[in-house]
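Beneath this line is the structure, given in structure tokens, with notes to follow.
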Amino acid sequence: MNATAAALPGDIEQSPQERLKITEIFLSLQGEADAVGWPTVFVRLTGCPLRCSYCDTAYAFHGGTWWEIDDILAEVARQGVRHVCVTGGEPLAQKRCIGLLERLCDAGHEVSLETSGAIDVSQVDPRVSRVVDIKTPGSGELHRNRWENLALLSARDQLKFVLCGRSDYEWARALVREHALSGRCSVLFSPSKDQLSPRDLADWIVEDRLPVRFQMQLHKLLWNDEPGR
């Protein structure tokens, strides 16, 4: 499979053992969602069945190294912070991610999961804050949205829209209003870097008095797209 070809969830390599394929584990500041600004350990799993137009982690599509789950927990503990974010790629494409999330919660960590919204989130430990993407038309992956996930979300969870332009904004605005999404969980609107002006998006939200949170990715403001930051 080449670097740009999309995989199906079943194509993501699985292990019969208690291990996961990891692209990187690193300490940084959480750059988005409700935990923005907190020192956080990021566990980036390898593999993703989507190919969004704005993806900034294509280096996690392939490669990676197999880690035993016990070793992942030990490395997270070594970093010495409470917040942990499991991300990708698409972390839920590896089935043993569910067990990793549970183990991290059991160890006393404040755990978040960043997921594309294309895979069932019903089995995720309820102690985890699920940050679920909604793919817009501009992402090129609108057809991958798993709409059944919306009914599973609670006040602990967050919905994230990455918007590529005005048409994406209008599409997302209609969805928020039609399904009263802000009454279910936090709704986050982000501008796609180099595609939508942050100022324009902020002005639209204010003008429409839309019940969503504007966010920019703090890590990109600080470190641009540097891997491991």
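Just remember, in the structure tokens the first chain shown is A, the second B, etc., residues are 1-based per chain, and ligands are 1-based in the order shown.
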
Non-local contacts of stretch 151-164 of chain A (6 Å; only C-alpha atoms; under 2 positions in same chain excluded) as a list in words |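 Everything that qualifies: Ser129, Arg130, Val131, Val132, Asp133, Ile134, Gly138, Asn149, Asp168, Arg184, Cys185, Ser186, Val187, Leu188, Phe189, Ser190, Pro191, Ser192, Gln195 and Leu196 of chain A.
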
Restrict the selected residues to C-alpha atoms and save them as a short mmCIF file (atom, residue, chain, number, x, y, z; two decimals), in the first residue's frame.
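Contents of the output file selection03.cif:
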```cif
data_model
loop_
_atom_site.label_atom_id
_atom_site.label_comp_id
_atom_site.auth_asym_id
_atom_site.auth_seq_id
_atom_site.Cartn_x
_atom_site.Cartn_y
_atom_site.Cartn_z
CA SER A 129 -13.12 11.78 27.23
CA ARG A 130 -13.91 10.96 23.60
CA VAL A 131 -12.95 13.71 21.13
CA VAL A 132 -14.87 12.64 18.03
CA ASP A 133 -14.40 14.24 14.62
CA ILE A 134 -17.24 15.00 12.27
CA GLY A 138 -14.13 19.64 2.48
CA ASN A 149 -21.85 7.64 17.39
CA ASP A 168 -18.00 23.65 5.38
CA ARG A 184 -25.30 16.84 24.08
CA CYS A 185 -21.61 17.68 24.46
CA SER A 186 -19.02 20.37 23.74
CA VAL A 187 -18.83 21.28 20.05
CA LEU A 188 -15.52 22.59 18.72
CA PHE A 189 -14.99 24.46 15.43
CA SER A 190 -11.43 24.70 14.10
CA PRO A 191 -10.09 26.31 10.91
CA SER A 192 -8.08 24.04 8.64
CA GLN A 195 -7.40 26.84 4.06
CA LEU A 196 -9.60 28.97 6.29
#
```

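Comparing the minimum interatomic distances between A:Thr115 and each of A:Val81, A:Cys48, A:Ala58, A:Ile12, counting only C-alpha atoms, we find that A:Cys48 sits nearest.
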
Could you give me the residues within stretch 30-225 of chain A that DSSP places in strand (DSSP E), as a VMD selection string?
-> chain A and resid 39 to 45 65 to 68 83 to 87 110 to 115 129 to 134 158 to 163 186 to 191 213 to 214

Could you please write out, as a PyMOL selection string, every residue of stretch 87-170 of chain A that DSSP assigns to helix (DSSP H, G or I)?
-> chain A and resi 91-93+97-106+137-139+142-144+147-152+166-170

Given the choices A:Glu110, A:Glu90, A:Asp56, A:Glu141, which gets closest to A:Pro39 if the distance is worked out from only C-alpha atoms?
->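 Among the listed residues, A:Glu110 lies closest to A:Pro39.
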
Test item: residues at most 6 Å from A:Arg44, only C-alpha atoms, excluding those fewer than 2 positions along its chain, as a list of chain:residue names = A:Ile22, A:Thr23, A:Glu24, A:Thr87, A:Gly88

Let's have the selection written as a PDB file, in the first residue's frame, with N, CA and C atoms.
```
ATOM      1  N   ILE A  22       2.851   1.314  17.618  1.00  0.00           N
ATOM      2  CA  ILE A  22       2.968   2.699  18.059  1.00  0.00           C
ATOM      3  C   ILE A  22       3.899   3.469  17.124  1.00  0.00           C
ATOM      4  N   THR A  23       3.466   4.659  16.714  1.00  0.00           N
ATOM      5  CA  THR A  23       4.336   5.549  15.946  1.00  0.00           C
ATOM      6  C   THR A  23       5.237   6.349  16.870  1.00  0.00           C
ATOM      7  N   GLU A  24       4.689   6.876  17.967  1.00  0.00           N
ATOM      8  CA  GLU A  24       5.500   7.666  18.887  1.00  0.00           C
ATOM      9  C   GLU A  24       4.758   7.842  20.214  1.00  0.00           C
ATOM     10  N   THR A  87      -4.039   8.864  20.443  1.00  0.00           N
ATOM     11  CA  THR A  87      -4.366   9.467  19.166  1.00  0.00           C
ATOM     12  C   THR A  87      -3.784   8.626  18.034  1.00  0.00           C
ATOM     13  N   GLY A  88      -3.781   9.157  16.830  1.00  0.00           N
ATOM     14  CA  GLY A  88      -3.288   8.406  15.686  1.00  0.00           C
ATOM     15  C   GLY A  88      -2.774   9.335  14.597  1.00  0.00           C
TER      16      GLY A  88
END
```

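With distances taken over only C-alpha atoms, A:Glu32 is the one residue among A:Ala118, A:Pro126, A:Gly63, A:Glu32 lying closest to A:Arg213.
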
A:Gly117, A:Ile69, A:Gly89, A:His179 ranked by distance to A:Arg103, top pick (using only C-alpha atoms) | A:Ile69
